[in-house]
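Read through the structure below, which is laid out as structure tokens, and then see the notes.
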Amino acid sequence: MPSPSLSWPGCSRCWNPAVRVGWVATAREMLLAERGSVLRGIAALEREFAGIAEAASAGGTDDEHDPEGATLAFERQHTAALLEQAREQLVAVDAALARLAAGRYGVCDRCGQPIGEDRLAARPAALTCVRCAAR
């Protein structure tokens, strides 16, 4: 699904309150869509983790010598790491929603310049502009 277009709220035309309200609504829509996606990912990973834990507790499983390759322990750790990353992303999206509500969304935390439309479309919870992120 294509991302909605965002124009930086600091541009001269965006000081128009009607444009600003539209920009905030679009940003909020993007962030809420990202949040929903992350929550669905977390739910799927939690189901996967529960399945792995159930398989590990089943009798007759050889966690150390799995003939198929990856051990249950590896799968469990891999899924746990993915779950942790997803939970961190949820925290980041929630923080971005808070910045949006406070009027600070889209402003680089390091240099104070606009983060940029393309970066926000790709990474809605971005804290820094491309230049600062590359440092």
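Ligands are numbered from 1 in the order shown, chains are lettered A, B, ... in the order of the structure tokens, and residues start at 1 in each chain.
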
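Using only C-alpha atoms, the residues found no farther than 10 Å from Arg123 (chain A), other than those of its own chain fewer than 3 positions away, are Met30, Leu31, Glu34, Val93, Glu117, Asp118, Arg119, Leu120, Ala126 and Leu127 of chain A.
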
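If only C-alpha atoms are the atoms counted, then among A:Glu84, A:Glu75, A:Asp109, A:Asp94 the closest residue to Ala50 (chain A) is A:Glu75.
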
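Taking only C-alpha atoms into account, Ala53 (chain A) lies nearest to A:Leu72 out of the set A:Cys129, A:Leu72, A:Leu90, A:Ala101.
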
- Message: For a test of reading the model, state the distance in Å between CA of Thr71 (chain A) and CA of Glu46 (chain A), rounded to one decimal.
- Response: 18.5 Å

Contact residues around Glu48 (chain A) with only C-alpha atoms at 12 Å, ignoring same-chain residues under 5 positions, as a PDB file with N, CA and C atoms, in the first residue's frame:
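Okay, this is what ended up in result_5.pdb:
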```pdb
ATOM      1  N   GLY A  41       2.294  -8.030  13.992  1.00  0.00           N
ATOM      2  CA  GLY A  41       3.553  -8.769  13.996  1.00  0.00           C
ATOM      3  C   GLY A  41       3.876  -9.337  15.363  1.00  0.00           C
ATOM      4  N   ILE A  42       3.645  -8.554  16.393  1.00  0.00           N
ATOM      5  CA  ILE A  42       3.890  -9.020  17.765  1.00  0.00           C
ATOM      6  C   ILE A  42       2.987 -10.211  18.078  1.00  0.00           C
ATOM      7  N   ALA A  43       1.723 -10.107  17.714  1.00  0.00           N
ATOM      8  CA  ALA A  43       0.790 -11.214  17.980  1.00  0.00           C
ATOM      9  C   ALA A  43       1.233 -12.486  17.260  1.00  0.00           C
ATOM     10  N   ALA A  53       7.692 -23.192  22.233  1.00  0.00           N
ATOM     11  CA  ALA A  53       7.759 -23.617  23.634  1.00  0.00           C
ATOM     12  C   ALA A  53       6.979 -24.906  23.831  1.00  0.00           C
ATOM     13  N   GLU A  54       5.841 -25.014  23.157  1.00  0.00           N
ATOM     14  CA  GLU A  54       5.044 -26.237  23.262  1.00  0.00           C
ATOM     15  C   GLU A  54       5.797 -27.423  22.653  1.00  0.00           C
ATOM     16  N   ALA A  55       6.438 -27.196  21.513  1.00  0.00           N
ATOM     17  CA  ALA A  55       7.211 -28.269  20.872  1.00  0.00           C
ATOM     18  C   ALA A  55       8.381 -28.695  21.756  1.00  0.00           C
ATOM     19  N   LEU A  72      15.655 -26.364  18.508  1.00  0.00           N
ATOM     20  CA  LEU A  72      14.536 -25.636  19.103  1.00  0.00           C
ATOM     21  C   LEU A  72      15.037 -24.445  19.914  1.00  0.00           C
ATOM     22  N   GLU A  75      15.702 -21.630  17.469  1.00  0.00           N
ATOM     23  CA  GLU A  75      14.429 -21.070  17.004  1.00  0.00           C
ATOM     24  C   GLU A  75      13.778 -20.219  18.088  1.00  0.00           C
ATOM     25  N   ARG A  76      13.847 -20.712  19.318  1.00  0.00           N
ATOM     26  CA  ARG A  76      13.262 -19.974  20.443  1.00  0.00           C
ATOM     27  C   ARG A  76      13.975 -18.631  20.630  1.00  0.00           C
ATOM     28  N   GLN A  77      15.310 -18.655  20.602  1.00  0.00           N
ATOM     29  CA  GLN A  77      16.080 -17.415  20.776  1.00  0.00           C
ATOM     30  C   GLN A  77      15.866 -16.449  19.610  1.00  0.00           C
ATOM     31  N   HIS A  78      15.808 -16.986  18.402  1.00  0.00           N
ATOM     32  CA  HIS A  78      15.592 -16.152  17.228  1.00  0.00           C
ATOM     33  C   HIS A  78      14.228 -15.464  17.304  1.00  0.00           C
ATOM     34  N   THR A  79      13.205 -16.220  17.646  1.00  0.00           N
ATOM     35  CA  THR A  79      11.859 -15.655  17.770  1.00  0.00           C
ATOM     36  C   THR A  79      11.798 -14.654  18.914  1.00  0.00           C
ATOM     37  N   ALA A  80      12.466 -14.934  20.009  1.00  0.00           N
ATOM     38  CA  ALA A  80      12.497 -13.996  21.140  1.00  0.00           C
ATOM     39  C   ALA A  80      13.165 -12.685  20.733  1.00  0.00           C
ATOM     40  N   LEU A  82      13.328 -11.426  17.645  1.00  0.00           N
ATOM     41  CA  LEU A  82      12.403 -10.726  16.737  1.00  0.00           C
ATOM     42  C   LEU A  82      11.262 -10.079  17.516  1.00  0.00           C
ATOM     43  N   LEU A  83      10.794 -10.766  18.534  1.00  0.00           N
ATOM     44  CA  LEU A  83       9.721 -10.233  19.376  1.00  0.00           C
ATOM     45  C   LEU A  83      10.188  -8.986  20.122  1.00  0.00           C
TER      46      LEU A  83
END
```
